[in-house]
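Listing of input_24.txt, compact mmCIF, C-alpha atoms
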```
# COMPACT_ATOMS: atom_id res chain seq x y z
CA MET A 1 -14.53 -2.60 11.54
CA GLU A 2 -16.61 -0.04 9.70
CA LEU A 3 -18.14 3.14 10.96
CA SER A 4 -21.29 4.64 9.52
CA THR A 5 -21.27 8.37 8.76
CA VAL A 6 -23.48 8.98 11.77
CA GLN A 7 -21.11 7.05 14.03
CA ALA A 8 -18.06 8.83 12.65
CA ASP A 9 -19.79 12.19 13.17
CA ALA A 10 -20.70 11.25 16.72
CA ILE A 11 -17.13 10.25 17.54
CA GLN A 12 -15.87 13.43 15.95
CA GLU A 13 -18.17 15.41 18.22
CA LEU A 14 -16.87 13.49 21.21
CA GLY A 15 -13.35 14.40 20.11
CA ASN A 16 -14.32 18.03 19.78
CA ILE A 17 -15.48 18.16 23.36
CA GLY A 18 -12.54 16.22 24.76
CA ALA A 19 -9.92 18.08 22.78
CA ALA A 20 -11.46 21.47 23.59
CA HIS A 21 -10.92 20.77 27.28
CA ALA A 22 -7.39 19.51 26.66
CA ALA A 23 -6.67 22.62 24.59
CA THR A 24 -7.83 24.84 27.43
CA THR A 25 -5.39 23.23 29.85
CA LEU A 26 -2.54 23.54 27.34
CA SER A 27 -3.46 27.15 26.75
CA GLN A 28 -3.29 27.82 30.50
CA MET A 29 0.07 26.09 30.82
CA LEU A 30 1.59 28.08 27.95
CA GLY A 31 -0.25 31.34 28.51
CA SER A 32 -1.01 31.36 24.81
CA THR A 33 -3.84 30.68 22.40
CA ILE A 34 -4.33 27.10 21.19
CA GLU A 35 -6.12 26.29 17.98
CA MET A 36 -7.90 23.02 17.55
CA ARG A 37 -8.24 21.32 14.16
CA VAL A 38 -11.22 19.21 13.18
CA PRO A 39 -10.84 15.73 14.72
CA ASP A 40 -9.80 13.07 12.26
CA VAL A 41 -11.39 9.62 12.57
CA ARG A 42 -10.01 6.83 10.44
CA VAL A 43 -9.83 3.07 10.34
CA VAL A 44 -6.31 2.06 9.35
CA ASP A 45 -5.18 -1.32 8.12
CA LEU A 46 -2.11 -2.41 10.11
CA ALA A 47 -0.06 -2.90 6.96
CA ARG A 48 -0.71 0.76 6.04
CA LEU A 49 0.12 2.28 9.44
CA GLY A 50 3.41 3.55 8.00
CA GLU A 51 1.47 5.95 5.78
CA TYR A 52 0.16 7.79 8.84
CA MET A 53 3.04 7.39 11.28
CA GLY A 54 6.58 7.29 9.97
CA GLU A 55 10.16 7.46 11.12
CA GLU A 56 9.85 11.01 12.43
CA SER A 57 11.13 11.51 15.93
CA ALA A 58 8.35 12.31 18.36
CA ALA A 59 7.62 12.35 22.05
CA MET A 60 4.64 10.25 22.99
CA VAL A 61 3.02 10.02 26.38
CA ALA A 62 0.80 6.95 26.41
CA PHE A 63 -1.92 5.89 28.81
CA GLU A 64 -3.90 2.71 28.86
CA LEU A 65 -7.65 3.25 29.10
CA GLN A 66 -8.90 1.64 32.30
CA GLY A 67 -11.94 1.89 34.51
CA GLU A 68 -15.27 0.33 33.56
CA ILE A 69 -13.66 -1.36 30.58
CA PRO A 70 -10.42 -2.88 31.97
CA HIS A 71 -8.24 -2.92 28.84
CA GLY A 72 -10.01 -0.33 26.77
CA GLY A 73 -7.23 0.68 24.42
CA TYR A 74 -4.80 3.60 24.56
CA ILE A 75 -4.77 7.36 24.51
CA LEU A 76 -1.65 9.32 23.61
CA PHE A 77 -0.32 12.81 23.72
CA TYR A 78 1.81 13.04 20.58
CA ILE A 79 4.22 15.85 19.85
CA THR A 80 7.05 16.04 17.31
CA ARG A 81 10.52 16.29 18.79
CA GLU A 82 10.96 19.89 17.65
CA SER A 83 7.63 20.96 19.06
CA ALA A 84 8.44 19.12 22.28
CA ILE A 85 11.58 21.21 22.73
CA ARG A 86 9.65 24.41 21.97
CA LEU A 87 6.98 23.36 24.46
CA THR A 88 9.39 22.67 27.32
CA ASN A 89 11.47 25.73 26.43
CA THR A 90 8.35 27.86 26.74
CA MET A 91 7.39 26.26 30.03
CA LEU A 92 10.89 26.39 31.51
CA GLY A 93 11.80 29.83 30.13
CA GLN A 94 14.57 28.60 27.81
CA THR A 95 15.34 29.28 24.16
CA GLU A 96 18.06 26.82 23.05
CA MET A 97 16.65 24.57 20.30
CA ASN A 98 19.73 22.51 19.44
CA ARG A 99 19.86 20.35 22.49
CA PRO A 100 18.96 16.85 23.58
CA LEU A 101 15.83 16.34 25.65
CA ASN A 102 16.87 15.87 29.27
CA GLU A 103 15.15 14.58 32.40
CA MET A 104 13.60 17.95 33.08
CA ASP A 105 12.01 17.93 29.60
CA GLU A 106 10.79 14.40 30.14
CA SER A 107 9.03 15.22 33.39
CA ALA A 108 7.54 18.33 31.82
CA LEU A 109 6.22 16.29 28.88
CA LEU A 110 4.81 13.63 31.20
CA GLU A 111 3.08 16.33 33.20
CA VAL A 112 1.62 18.09 30.16
CA GLY A 113 0.45 14.76 28.74
CA ASN A 114 -1.09 13.83 32.05
CA ILE A 115 -2.99 17.07 32.44
CA MET A 116 -4.24 17.16 28.84
CA VAL A 117 -5.31 13.54 28.68
CA SER A 118 -7.06 13.81 32.04
CA ALA A 119 -8.95 16.87 30.80
CA PHE A 120 -9.88 15.02 27.59
CA LEU A 121 -11.16 11.96 29.45
CA ASP A 122 -12.99 13.99 32.12
CA ALA A 123 -14.91 15.81 29.41
CA THR A 124 -15.78 12.65 27.49
CA ALA A 125 -16.85 10.89 30.70
CA GLU A 126 -19.30 13.67 31.41
CA LEU A 127 -20.79 13.35 27.96
CA LEU A 128 -20.81 9.56 27.75
CA GLY A 129 -21.86 8.79 31.29
CA PHE A 130 -19.12 6.21 31.74
CA VAL A 131 -15.58 6.65 32.91
CA MET A 132 -12.38 5.91 31.04
CA LEU A 133 -9.53 6.30 33.51
CA PRO A 134 -5.97 6.84 32.32
CA SER A 135 -3.28 4.49 33.65
CA PRO A 136 -0.07 6.10 34.88
CA PRO A 137 1.72 7.57 31.85
CA ALA A 138 4.58 6.02 29.91
CA LEU A 139 6.86 8.20 27.80
CA THR A 140 8.94 7.41 24.78
CA ILE A 141 10.88 9.75 22.51
CA ASP A 142 11.64 7.86 19.34
CA MET A 143 10.25 6.93 15.90
CA ALA A 144 6.49 7.51 15.90
CA HIS A 145 5.73 4.30 14.03
CA ALA A 146 7.77 2.21 16.46
CA ALA A 147 5.83 3.50 19.46
CA MET A 148 2.38 3.19 17.87
CA GLN A 149 3.14 -0.25 16.55
CA SER A 150 4.18 -1.41 20.03
CA LEU A 151 0.86 -0.30 21.50
CA ILE A 152 -1.17 -1.84 18.68
CA ALA A 153 0.67 -5.15 19.18
CA VAL A 154 -0.72 -5.50 22.69
CA MET A 155 -4.27 -4.62 21.67
CA ASN A 156 -6.67 -7.21 20.31
CA GLY A 157 -4.42 -9.37 18.11
CA GLU A 158 -7.28 -10.71 16.00
CA THR A 159 -8.07 -7.48 14.24
CA ASN A 160 -6.05 -6.26 11.30
CA GLU A 161 -7.33 -2.71 11.61
CA VAL A 162 -7.06 -0.01 14.19
CA LEU A 163 -9.25 3.03 14.75
CA LEU A 164 -7.09 6.14 14.97
CA PHE A 165 -8.88 9.10 16.27
CA SER A 166 -6.70 12.18 16.44
CA THR A 167 -7.18 15.86 17.13
CA GLU A 168 -4.45 18.33 16.33
CA LEU A 169 -3.76 21.15 18.76
CA VAL A 170 -1.61 23.99 17.50
CA CYS A 171 -0.02 26.93 19.24
CA GLU A 172 0.84 29.42 16.49
CA GLU A 173 2.71 31.80 18.79
CA HIS A 174 5.29 29.21 19.85
CA LYS A 175 4.98 27.00 16.74
CA ILE A 176 3.96 23.99 18.76
CA ASP A 177 2.07 21.23 17.01
CA SER A 178 0.66 18.31 18.97
CA ASP A 179 -2.02 15.65 18.75
CA ILE A 180 -4.22 13.73 21.10
CA ILE A 181 -4.70 10.25 19.68
CA LEU A 182 -7.30 7.82 20.91
CA MET A 183 -7.01 4.15 19.93
CA PRO A 184 -10.00 2.38 21.44
CA GLU A 185 -10.28 -1.40 21.59
CA THR A 186 -13.29 -2.76 19.69
CA ASN A 187 -15.29 -3.21 22.92
CA THR A 188 -14.64 0.40 23.98
CA LEU A 189 -15.53 1.68 20.54
CA GLN A 190 -18.81 -0.24 20.54
CA LYS A 191 -19.69 1.14 23.95
CA ILE A 192 -18.85 4.70 22.94
CA VAL A 193 -20.86 4.45 19.71
CA LYS A 194 -23.89 2.98 21.51
CA LYS A 195 -23.86 5.71 24.16
CA LEU A 196 -23.54 8.41 21.53
CA GLU A 197 -26.41 6.94 19.50
CA ASN A 198 -28.59 6.91 22.62
CA ILE A 199 -27.73 10.53 23.32
CA MET A 200 -28.57 11.57 19.77
CA ASN A 201 -31.87 9.71 19.91
CA GLY A 202 -32.72 11.60 23.07
CA ASN A 203 -32.61 8.58 25.44
CA MET B 1 4.20 -13.33 -3.76
CA PRO B 2 7.41 -13.80 -5.76
CA ASP B 3 8.03 -10.47 -7.32
CA SER B 4 11.52 -10.34 -8.76
CA GLN B 5 10.69 -8.07 -11.70
CA LEU B 6 10.17 -4.85 -9.76
CA PRO B 7 12.52 -1.91 -10.40
CA SER B 8 15.27 -1.64 -7.82
CA GLU B 9 15.64 2.12 -7.28
CA HIS B 10 13.14 2.53 -4.47
CA PRO B 11 12.90 -0.06 -1.74
CA VAL B 12 9.54 -1.79 -1.47
CA MET B 13 7.88 -0.97 1.85
CA ILE B 14 6.92 -3.97 3.92
CA GLY B 15 4.07 -2.99 6.25
CA ILE B 16 3.04 -4.81 9.43
CA GLY B 17 2.19 -8.44 8.62
CA GLU B 18 3.41 -8.15 5.03
CA TYR B 19 6.24 -10.01 3.30
CA ARG B 20 7.99 -10.02 -0.06
CA VAL B 21 10.32 -12.36 -1.91
CA GLY B 22 12.75 -11.31 -4.62
CA SER B 23 16.04 -9.64 -5.43
CA PHE B 24 14.84 -6.01 -5.23
CA PRO B 25 15.50 -3.66 -2.26
CA MET B 26 13.05 -3.95 0.61
CA MET B 27 12.45 -1.86 3.70
CA THR B 28 10.54 -1.82 6.97
CA ILE B 29 10.26 1.42 8.90
CA GLY B 30 9.72 2.08 12.59
CA LEU B 31 10.04 -1.34 14.17
CA GLY B 32 9.23 -1.18 17.88
CA SER B 33 8.27 -4.51 19.37
CA CYS B 34 7.80 -5.84 15.83
CA ILE B 35 10.49 -7.90 14.12
CA GLY B 36 11.99 -7.27 10.70
CA LEU B 37 13.26 -10.66 9.58
CA THR B 38 15.32 -11.11 6.42
CA LEU B 39 16.31 -14.38 4.78
CA TYR B 40 18.95 -14.39 2.04
CA ASP B 41 20.37 -17.08 -0.18
CA PRO B 42 23.81 -16.04 -1.53
CA ILE B 43 23.79 -18.84 -4.11
CA HIS B 44 20.58 -17.76 -5.81
CA LYS B 45 20.98 -14.10 -4.78
CA VAL B 46 17.39 -13.95 -3.68
CA GLY B 47 15.89 -12.85 -0.40
CA ALA B 48 12.72 -12.47 1.60
CA MET B 49 11.62 -9.97 4.21
CA VAL B 50 8.72 -10.04 6.65
CA HIS B 51 7.36 -7.61 9.25
CA ILE B 52 6.22 -9.73 12.21
CA MET B 53 3.98 -8.29 14.94
CA LEU B 54 3.16 -11.16 17.31
CA PRO B 55 4.74 -14.47 18.34
CA GLU B 56 1.77 -16.84 17.99
CA SER B 57 -0.88 -17.10 15.28
CA ALA B 58 -3.22 -19.20 17.46
CA ASN B 59 -4.52 -20.81 14.24
CA ARG B 60 -5.32 -17.54 12.51
CA THR B 61 -4.43 -17.91 8.86
CA ASP B 62 -5.51 -14.63 7.24
CA ARG B 63 -2.13 -12.90 7.55
CA PRO B 64 0.65 -15.44 8.03
CA GLY B 65 3.34 -12.72 7.89
CA LYS B 66 1.98 -11.15 11.05
CA TYR B 67 2.98 -13.99 13.39
CA ALA B 68 6.42 -15.48 14.04
CA ASP B 69 5.20 -19.09 14.06
CA THR B 70 3.64 -18.80 10.59
CA ALA B 71 5.97 -16.21 9.04
CA VAL B 72 9.13 -18.32 9.24
CA PRO B 73 7.70 -21.41 7.47
CA LEU B 74 6.05 -19.11 4.93
CA LEU B 75 9.32 -17.41 3.97
CA VAL B 76 11.31 -20.64 3.96
CA ASN B 77 8.72 -22.30 1.69
CA GLU B 78 8.76 -19.33 -0.68
CA LEU B 79 12.56 -19.50 -0.97
CA VAL B 80 12.59 -23.28 -1.33
CA ALA B 81 10.02 -22.88 -4.10
CA VAL B 82 12.50 -20.80 -6.11
CA GLY B 83 15.25 -23.37 -5.59
CA CYS B 84 16.94 -22.37 -2.33
CA LYS B 85 18.15 -24.91 0.24
CA ASN B 86 17.54 -24.37 3.94
CA ARG B 87 21.23 -24.78 4.79
CA SER B 88 22.32 -22.00 2.46
CA ILE B 89 19.80 -19.45 3.75
CA ILE B 90 21.13 -16.73 6.05
CA ALA B 91 18.75 -15.04 8.49
CA LYS B 92 19.06 -11.63 10.13
CA MET B 93 16.67 -10.23 12.70
CA THR B 94 15.97 -6.68 13.88
CA GLY B 95 13.48 -5.07 16.29
CA GLY B 96 11.83 -6.64 19.33
CA ALA B 97 12.25 -3.50 21.43
CA CYS B 98 10.24 -2.43 24.46
CA MET B 99 9.27 1.16 23.67
CA PHE B 100 7.26 1.90 26.81
CA GLU B 101 9.08 0.79 29.96
CA TYR B 102 6.27 1.55 32.36
CA PHE B 103 3.82 -0.88 30.79
CA GLY B 104 6.48 -3.48 31.61
CA THR B 105 5.79 -7.17 31.05
CA ASN B 106 2.56 -6.29 29.30
CA LEU B 107 4.54 -4.76 26.48
CA ASN B 108 7.48 -7.11 26.53
CA ILE B 109 6.04 -8.68 23.49
CA GLY B 110 9.22 -7.63 21.66
CA MET B 111 11.30 -10.13 23.56
CA ARG B 112 8.71 -12.85 23.02
CA ASN B 113 8.68 -12.09 19.30
CA ALA B 114 12.47 -12.41 19.06
CA GLU B 115 12.48 -15.62 21.09
CA LYS B 116 9.82 -17.19 18.89
CA VAL B 117 11.66 -16.25 15.69
CA ARG B 118 14.88 -17.84 17.02
CA GLN B 119 12.99 -20.99 17.91
CA MET B 120 11.31 -21.22 14.51
CA LEU B 121 14.56 -20.61 12.62
CA ASN B 122 16.18 -23.33 14.66
CA GLU B 123 13.33 -25.69 13.85
CA TYR B 124 13.79 -25.06 10.12
CA HIS B 125 17.61 -25.31 10.35
CA ILE B 126 18.12 -21.74 9.21
CA HIS B 127 21.31 -20.05 10.37
CA LEU B 128 20.71 -16.79 12.26
CA ALA B 129 23.82 -14.85 11.25
CA ALA B 130 23.15 -11.58 13.06
CA GLU B 131 20.57 -9.80 15.17
CA ASP B 132 19.97 -6.33 16.56
CA VAL B 133 17.09 -6.75 18.98
CA GLY B 134 15.72 -5.50 22.30
CA GLY B 135 16.40 -2.30 24.16
CA LYS B 136 14.13 0.72 24.13
CA VAL B 137 14.76 1.95 20.60
CA GLY B 138 12.88 2.10 17.30
CA ARG B 139 14.62 0.76 14.18
CA SER B 140 14.19 0.95 10.42
CA VAL B 141 15.72 -1.73 8.22
CA THR B 142 16.85 -1.68 4.60
CA PHE B 143 17.49 -5.03 2.93
CA LEU B 144 19.35 -5.27 -0.39
CA PRO B 145 19.25 -8.79 -1.85
CA ASP B 146 20.84 -7.37 -5.02
CA ARG B 147 23.87 -6.32 -2.96
CA ASP B 148 24.87 -9.53 -1.22
CA GLY B 149 21.85 -9.39 1.07
CA SER B 150 23.14 -6.35 2.95
CA VAL B 151 21.04 -5.32 5.96
CA THR B 152 21.25 -1.78 7.32
CA VAL B 153 19.61 -0.71 10.57
CA ARG B 154 18.77 2.95 11.19
CA ARG B 155 17.72 4.50 14.48
CA ALA B 156 15.76 7.62 15.43
CA ASP B 157 18.93 9.50 16.40
CA GLY B 158 20.16 9.14 12.81
CA THR B 159 22.85 6.54 13.50
CA SER B 160 22.93 3.47 11.31
CA SER B 161 24.86 0.24 11.26
CA ASN B 162 25.29 -2.78 9.05
CA LEU B 163 24.11 -6.06 10.37
```
Please lay out the structure from this file as C-alpha cells.
Amino acid sequence: MELSTVQADAIQELGNIGAAHAATTLSQMLGSTIEMRVPDVRVVDLARLGEYMGEESAAMVAFELQGEIPHGGYILFYITRESAIRLTNTMLGQTEMNRPLNEMDESALLEVGNIMVSAFLDATAELLGFVMLPSPPALTIDMAHAAMQSLIAVMNGETNEVLLFSTELVCEEHKIDSDIILMPETNTLQKIVKKLENIMNGN
Amino acid sequence: MPDSQLPSEHPVMIGIGEYRVGSFPMMTIGLGSCIGLTLYDPIHKVGAMVHIMLPESANRTDRPGKYADTAVPLLVNELVAVGCKNRSIIAKMTGGACMFEYFGTNLNIGMRNAEKVRQMLNEYHIHLAAEDVGGKVGRSVTFLPDRDGSVTVRRADGTSSNL
C-alpha cells in the first residue's frame, strides 16, 4: 500500500474538512475554542504499530464504516484518559480529576464520539458523493495499542500495513487533547482516492 | 532469528507478527485480541516469544509469527534447532481479550486465537503451564529467559502479576 504525494494531499484535505466539522461540534459542546492540527496520514507496518500507539490509557469510541461499502474499516474518537476526565468534567460541571471513569462519563464519551464522528462523516460524504455510515459505537477505556490492534485484527488479514489517518483536536482552555482516527480498508481507501482524483481533475 | 548475543538491559520489543529466540529479555506491549506466547526451556535456559494476531494463516507464508497455526511450529522448530526437546519446553500464553463488546462475535477473534494456540501446543506436545487470556482488558507482557523464564503481565490500571 503506497500513496502518492497527490493522493496523500487529497486525503489530508478530506481530513481537514471532516475534522473541521467535528471540531465545530466539540466546540459547541464545550463552549470553548477548538484548535485543529494538520491531519497526519501514514502507512504503518503492523509490527511497528507500537511506535504510534503504546500502553497509555485512553478512551476510544469506535465505529465500523458501513453503508455503500459494507465493511469499510473503522473510525475512532480517541482521547487520553486524563483528557477524557477533563472533557466529561467540563460537560458535567465537575472538577475532581483523581477519580475513576464511571457510567456517566462513559455515556458522555459515547455521545461526544457519536456526534463528532457523525459530523466528520457527514462532511466527507458531501465532498465525496458517497456515504460512509457509522455503526453504533463501541467504547473501551484501556491501553491504546490493545484497542487499535483488536480492530486491525478484524480488518483485511492479508495486508501487513494499515493506513492511519488522524487529526488532532485540541482545546487549550480545558487542556483537552483528542484525535479522530480513520482506518479505511483497502477497498474504501481506493474508492476515496479515486473520487478525490476525479474532483481534482474537475470531473 | 536466533539472537542470543543482544545486551539484556532493555527488553527487545516484539511487534505484531514478530518473534525472537534467545536468552535476553523480551516484551510485547498492548495485547488486545492478540496473543503473546512464550516458550521456555529450563534446561538450556533459552526462550522464544511471538506476537500472534490471527488464528489461521490460510497458506500465507510471509509472516509466520502473525498466525497461531504457523507461529507455534516456527517457535518449536527454532528451539529444537538450538537443542531443546519438546517435552522440556514450557509454554505461557497471554492476551486474547475482546476489547470492544458491542462488535461482539465479529471481534471475538481473541478467543479463537487462544483456542488455536492451545490446539497447536497440544499437537506439538508442548506443556501449557499458565495462561492469562480473555476478558475485556489490554495486557503487556515481559518475558525474562535469563531469569528462569519469568513472565510478568501488566494491565492498563497499573496492576501486574506473575504468570
Original post:
With only C-alpha atoms as the basis for distance, which of A:Ala59, A:Glu185, A:His145, A:Thr80 is at the shortest distance from Glu158 of chain A?
Top reply: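 Distance minimum relative to Glu158 of chain A lands on A:Glu185.
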Taking all atoms listed in the file into account and nothing else, which residues of chain B lie no more than 6 Å away from chain A? Please answer as an mmCIF file with C-alpha atoms, keeping the file's coordinate frame.
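Wrote part24.cif, looks like this:
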```cif
data_model
loop_
_atom_site.group_PDB
_atom_site.id
_atom_site.type_symbol
_atom_site.label_atom_id
_atom_site.label_comp_id
_atom_site.auth_asym_id
_atom_site.auth_seq_id
_atom_site.Cartn_x
_atom_site.Cartn_y
_atom_site.Cartn_z
ATOM 1 C CA GLY B 15 4.070 -2.990 6.250
ATOM 2 C CA ILE B 16 3.040 -4.810 9.430
ATOM 3 C CA GLY B 30 9.720 2.080 12.590
ATOM 4 C CA LEU B 31 10.040 -1.340 14.170
ATOM 5 C CA GLY B 32 9.230 -1.180 17.880
ATOM 6 C CA SER B 33 8.270 -4.510 19.370
ATOM 7 C CA MET B 99 9.270 1.160 23.670
ATOM 8 C CA PHE B 100 7.260 1.900 26.810
ATOM 9 C CA TYR B 102 6.270 1.550 32.360
ATOM 10 C CA GLY B 138 12.880 2.100 17.300
ATOM 11 C CA ALA B 156 15.760 7.620 15.430
#
```
Subject >> Exercise: Thr38 of chain B partners within 7 Å, only C-alpha atoms, chain neighbours under 2 positions left out, as a VMD selection string >> reply: chain B and resid 36 40 48 to 50 91 to 93
**OP:** Might you pull out every residue within 10 Å of segment 59-72 of chain B, with all atoms listed in the file counted and same-chain residues fewer than 2 positions away left off, and present them as JSON, numbers by chain?
**Re:** {"A": [46, 47, 157, 158, 160], "B": [15, 16, 17, 18, 19, 20, 34, 35, 37, 38, 39, 49, 50, 51, 52, 53, 54, 55, 56, 57, 74, 75, 76, 77, 78, 112, 113, 114, 115, 116, 117, 118, 119, 120, 121, 123, 124, 126]}
Original post:
Which neighbours of Arg147 of chain B fall inside 12 Å, counting all atoms listed in the file, when residues of the same chain fewer than 3 positions from it are skipped, and could you give them as a PyMOL selection string?
Top reply: chain B and resi 8+23-26+40-42+45-47+142-144+150-152
**OP:** Can you work out the spacing between atom CA of Ser166 of chain A and atom CA of Asp179 of chain A in Å, to one decimal?
**Re:** 6.3 Å
Subject >> d(atom CA of Arg37 of chain A, atom CA of Glu168 of chain A) in Å >> reply: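 Straight-line distance from atom CA of Arg37 of chain A to atom CA of Glu168 of chain A works out to 5.3 Å.
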Original post:
Leaving out Glu2 of chain A and any residue of its chain fewer than 6 positions from it, which residues lie within 12 Å of it when counting all atoms listed in the file, given as a list of chain:residue names?
Top reply: A:Ala8, A:Val41, A:Arg42, A:Val43, A:Val44, A:Asp45, A:Glu161, A:Val162, A:Leu163, A:Thr186, A:Leu189, A:Gln190, A:Val193
Subject >> atom CA of Asn108 of chain B to atom CA of Val12 of chain B, straight-line distance in Å >> reply: 28.6 Å
**OP:** Mind listing whatever residues come within 12 Å of the point (-6.5, 13.7, 16.7)? Use all atoms listed in the file, file coordinates, and give them as number ranges by chain.
**Re:** A: 11-16, 18-20, 22-23, 36-42, 52, 75-79, 120, 163-170, 177-183
With 8 Å of padding per side, what axis-aligned box (centre and edge lengths, Å, one decimal) covers all the listed atoms of segment 151-159 of chain B? Give it as JSON.
```
{"center_x": 19.3, "center_y": 2.1, "center_z": 11.2, "size_x": 23.1, "size_y": 30.8, "size_z": 26.4}
```
Original post:
What would the list of residues within 12 Å of (-5.2, 25.2, 28.4) (file frame) look like as an NGL selection string, if all atoms listed in the file are what count?
Top reply: :A and (19-36 or 112-113 or 115-117 or 119-120 or 169-171)
